[in-house]
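Enquirer: Sharing a structure here in structure tokens format.
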Amino acid sequence: MLSIQPVRDDKTRAALLAAHGLPDQAAFAVLEAVENGTRTGSLVFSREAQRVLLCSVRYGEDEGLFDGLVRAAASIAMDSGAKTVECEQSGCFSALESVGFHKIGNKMVINLPQFFQKCCGRRNPL
């Protein structure tokens, strides 16, 4: 079973930030995907006012894992009051477009309320 959770252990967090080539700073939040006890991916993001910036994503070749990591980060972002998620890492642009992001200038952006209304609104009617 796949689990995507925020990393709370300081040593694991520092190791993942280093693996992503990022400094160990409090501004970064780290998500880890684990399946059957094996780390399969991770994502680093930061929050600045009402926007979240995706800094780095590791997901191998598994586009479904990428989708899950981005949705987990977007959910956390929205729960914390963010309105948009943005990414300036051009290597992720194609994958981000596939999950609903749009290119604006030199970054990919998604509006969180619209993102969750669009992807979840019709699947699970109450």
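Ligands are numbered from 1 in the order shown, residues from 1 within each chain, and chains are lettered A, B, ... in the order they appear in the structure tokens.
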Which neighbours of Asn111 (chain A) fall inside 8 Å, counting only C-alpha atoms, when residues of the same chain fewer than 4 positions from it are skipped, and could you give them as a PyMOL selection string?

Expert: chain A and resi 83-85+115

Enquirer: Please return as a tab-separated table (two decimals) with all heavy atoms, in the first residue's frame: the residues of region 78-126 of chain A that backbone DSSP assigns to helix (DSSP H, G or I).

Expert:
```tsv
chain	number	residue	atom	x	y	z
A	78	MET	N	-3.71	23.84	0.41
A	78	MET	CA	-5.05	24.41	0.51
A	78	MET	C	-5.53	24.42	1.96
A	78	MET	O	-6.12	25.41	2.41
A	78	MET	CB	-6.02	23.64	-0.36
A	78	MET	CG	-7.36	24.34	-0.50
A	78	MET	SD	-8.25	23.66	-1.88
A	78	MET	CE	-9.86	24.35	-1.55
A	79	ASP	N	-5.25	23.36	2.69
A	79	ASP	CA	-5.64	23.31	4.10
A	79	ASP	C	-4.96	24.40	4.92
A	79	ASP	O	-5.50	24.83	5.95
A	79	ASP	CB	-5.32	21.94	4.71
A	79	ASP	CG	-6.26	20.85	4.22
A	79	ASP	OD1	-7.30	21.16	3.60
A	79	ASP	OD2	-5.93	19.66	4.45
A	90	SER	N	11.57	23.67	-14.78
A	90	SER	CA	11.10	23.36	-16.12
A	90	SER	C	11.07	21.86	-16.42
A	90	SER	O	10.29	21.42	-17.25
A	90	SER	CB	11.94	24.08	-17.17
A	90	SER	OG	13.30	23.69	-17.07
A	91	GLY	N	11.88	21.07	-15.73
A	91	GLY	CA	11.87	19.63	-15.94
A	91	GLY	C	10.57	18.97	-15.54
A	91	GLY	O	10.28	17.85	-15.96
A	92	CYS	N	9.77	19.65	-14.74
A	92	CYS	CA	8.48	19.11	-14.28
A	92	CYS	C	7.30	19.64	-15.09
A	92	CYS	O	6.17	19.22	-14.87
A	92	CYS	CB	8.26	19.47	-12.81
A	92	CYS	SG	9.39	18.69	-11.66
A	93	PHE	N	7.53	20.57	-16.01
A	93	PHE	CA	6.42	21.25	-16.68
A	93	PHE	C	5.47	20.28	-17.39
A	93	PHE	O	4.26	20.40	-17.28
A	93	PHE	CB	6.93	22.29	-17.66
A	93	PHE	CG	7.39	23.58	-17.01
A	93	PHE	CD1	7.57	23.69	-15.64
A	93	PHE	CD2	7.65	24.68	-17.77
A	93	PHE	CE1	7.99	24.87	-15.05
A	93	PHE	CE2	8.07	25.88	-17.20
A	93	PHE	CZ	8.24	25.97	-15.83
A	94	SER	N	6.00	19.33	-18.12
A	94	SER	CA	5.15	18.40	-18.86
A	94	SER	C	4.28	17.57	-17.91
A	94	SER	O	3.08	17.40	-18.12
A	94	SER	CB	6.01	17.49	-19.73
A	94	SER	OG	5.20	16.54	-20.38
A	95	ALA	N	4.90	17.06	-16.85
A	95	ALA	CA	4.15	16.26	-15.87
A	95	ALA	C	3.12	17.13	-15.15
A	95	ALA	O	2.00	16.68	-14.89
A	95	ALA	CB	5.11	15.62	-14.87
A	96	LEU	N	3.47	18.37	-14.82
A	96	LEU	CA	2.52	19.26	-14.15
A	96	LEU	C	1.35	19.59	-15.06
A	96	LEU	O	0.21	19.66	-14.61
A	96	LEU	CB	3.22	20.54	-13.69
A	96	LEU	CG	4.14	20.38	-12.50
A	96	LEU	CD1	5.00	21.62	-12.30
A	96	LEU	CD2	3.37	20.05	-11.23
A	97	GLU	N	1.61	19.78	-16.34
A	97	GLU	CA	0.53	20.05	-17.29
A	97	GLU	C	-0.46	18.89	-17.31
A	97	GLU	O	-1.67	19.08	-17.39
A	97	GLU	CB	1.10	20.31	-18.67
A	97	GLU	CG	0.05	20.72	-19.68
A	97	GLU	CD	0.64	21.10	-21.02
A	97	GLU	OE1	1.69	20.54	-21.40
A	97	GLU	OE2	0.04	21.96	-21.69
A	98	SER	N	0.06	17.67	-17.19
A	98	SER	CA	-0.81	16.50	-17.24
A	98	SER	C	-1.74	16.40	-16.04
A	98	SER	O	-2.75	15.70	-16.10
A	98	SER	CB	0.02	15.21	-17.37
A	98	SER	OG	0.64	14.89	-16.14
A	112	LEU	N	-5.85	26.50	-6.54
A	112	LEU	CA	-6.25	25.35	-5.72
A	112	LEU	C	-7.75	25.10	-5.63
A	112	LEU	O	-8.19	23.97	-5.83
A	112	LEU	CB	-5.63	25.46	-4.32
A	112	LEU	CG	-4.13	25.20	-4.31
A	112	LEU	CD1	-3.53	25.54	-2.96
A	112	LEU	CD2	-3.84	23.76	-4.67
A	113	PRO	N	-8.58	26.11	-5.35
A	113	PRO	CA	-10.02	25.80	-5.29
A	113	PRO	C	-10.55	25.22	-6.60
A	113	PRO	O	-11.31	24.25	-6.58
A	113	PRO	CB	-10.65	27.16	-4.97
A	113	PRO	CG	-9.58	27.91	-4.25
A	113	PRO	CD	-8.29	27.48	-4.91
A	114	GLN	N	-10.13	25.76	-7.73
A	114	GLN	CA	-10.58	25.23	-9.02
A	114	GLN	C	-10.02	23.83	-9.26
A	114	GLN	O	-10.72	22.97	-9.80
A	114	GLN	CB	-10.16	26.16	-10.15
A	114	GLN	CG	-10.91	27.46	-10.16
A	114	GLN	CD	-10.40	28.42	-11.23
A	114	GLN	OE1	-9.40	28.17	-11.89
A	114	GLN	NE2	-11.10	29.53	-11.39
A	115	PHE	N	-8.79	23.60	-8.88
A	115	PHE	CA	-8.14	22.30	-9.07
A	115	PHE	C	-8.92	21.21	-8.35
A	115	PHE	O	-9.26	20.19	-8.93
A	115	PHE	CB	-6.71	22.37	-8.53
A	115	PHE	CG	-5.96	21.07	-8.56
A	115	PHE	CD1	-5.69	20.43	-9.76
A	115	PHE	CD2	-5.48	20.50	-7.40
A	115	PHE	CE1	-4.96	19.24	-9.80
A	115	PHE	CE2	-4.76	19.33	-7.42
A	115	PHE	CZ	-4.51	18.69	-8.62
A	116	PHE	N	-9.27	21.43	-7.09
A	116	PHE	CA	-9.97	20.39	-6.35
A	116	PHE	C	-11.44	20.30	-6.73
A	116	PHE	O	-12.02	19.23	-6.69
A	116	PHE	CB	-9.79	20.58	-4.84
A	116	PHE	CG	-8.43	20.15	-4.38
A	116	PHE	CD1	-7.51	21.06	-3.92
A	116	PHE	CD2	-8.06	18.82	-4.46
A	116	PHE	CE1	-6.25	20.67	-3.52
A	116	PHE	CE2	-6.80	18.41	-4.07
A	116	PHE	CZ	-5.90	19.33	-3.59
A	117	GLN	N	-12.03	21.39	-7.14
A	117	GLN	CA	-13.41	21.33	-7.60
A	117	GLN	C	-13.48	20.54	-8.90
A	117	GLN	O	-14.36	19.70	-9.08
A	117	GLN	CB	-13.96	22.73	-7.80
A	117	GLN	CG	-15.42	22.76	-8.19
A	117	GLN	CD	-15.93	24.18	-8.32
A	117	GLN	OE1	-15.20	25.09	-8.69
A	117	GLN	NE2	-17.19	24.36	-8.00
A	118	LYS	N	-12.53	20.76	-9.79
A	118	LYS	CA	-12.51	20.09	-11.08
A	118	LYS	C	-12.21	18.60	-10.95
A	118	LYS	O	-12.87	17.77	-11.54
A	118	LYS	CB	-11.47	20.74	-11.99
A	118	LYS	CG	-11.37	20.11	-13.36
A	118	LYS	CD	-10.32	20.81	-14.19
A	118	LYS	CE	-10.16	20.11	-15.52
A	118	LYS	NZ	-9.07	20.69	-16.30
A	119	CYS	N	-11.20	18.26	-10.15
A	119	CYS	CA	-10.78	16.86	-10.13
A	119	CYS	C	-11.65	16.00	-9.21
A	119	CYS	O	-11.69	14.80	-9.38
A	119	CYS	CB	-9.31	16.73	-9.72
A	119	CYS	SG	-9.00	17.00	-7.98
A	120	CYS	N	-12.31	16.59	-8.26
A	120	CYS	CA	-13.05	15.78	-7.30
A	120	CYS	C	-14.56	16.02	-7.34
A	120	CYS	O	-15.32	15.23	-6.81
A	120	CYS	CB	-12.56	16.06	-5.88
A	120	CYS	SG	-10.81	15.71	-5.66
```

Enquirer: Would you please work out which residue, of A:Arg51, A:Lys107, A:His102, A:Arg58, is nearest to Ala33 (chain A) when using only C-alpha atoms?

Expert: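 Among the listed residues, A:Arg58 lies closest to Ala33 (chain A).
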
Enquirer: Given the choices A:Gly41, A:Gly21, A:Gly105, A:Pro6, which gets closest to Gly68 (chain A) if the distance is worked out from only C-alpha atoms?

Expert: A:Gly41

Enquirer: When you count only C-alpha atoms, which of these residues is closest to Asp9 (chain A): A:Met108, A:Leu31, A:Ala73, A:Leu22?

Expert: A:Leu31

Enquirer: List every residue of chain A that DSSP, applied to the backbone, labels as strand (DSSP E), and write the result as a ChimeraX atom specification.

Expert: /A:2-6,28-35,38-48,51-58,84-87,102-104,107-111

Enquirer: Work out how far apart CA of Leu53 (chain A) and CA of Arg71 (chain A) are and give it in Å to one decimal.

Expert: 13.4 Å

Enquirer: Just to confirm, what's the straight-line distance from CA of Ile4 (chain A) to CA of Glu32 (chain A) in Å (one decimal)?

Expert: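 About the pair CA of Ile4 (chain A) and CA of Glu32 (chain A): they are 5.5 Å apart.
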
Enquirer: Within 12 Å of Ala19 (chain A), counting only C-alpha atoms, which residues show up once you throw out same-chain ones fewer than 2 positions away? Write them as JSON, numbers by chain, please.

Expert: {"A": [12, 13, 14, 15, 16, 17, 21, 22, 23, 24, 30, 41, 42, 43, 44, 56, 57, 58]}

Enquirer: Would you mind reading off the distance between CA of Lys103 (chain A) and CA of Gln5 (chain A), one decimal, in Å?

Expert: 27.6 Å

Enquirer: Considering only C-alpha atoms, state which residue in the set A:Lys11, A:Ala77, A:Ser3, A:Leu69 is at the smallest distance from Ala49 (chain A).

Expert: A:Ala77

Enquirer: Rank nothing, just name the residue among A:Gln50, A:Ile76, A:His20, A:Thr40 nearest to Glu63 (chain A), using only C-alpha atoms.

Expert: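 Among A:Gln50, A:Ile76, A:His20, A:Thr40, it is A:Thr40 that comes nearest to Glu63 (chain A).
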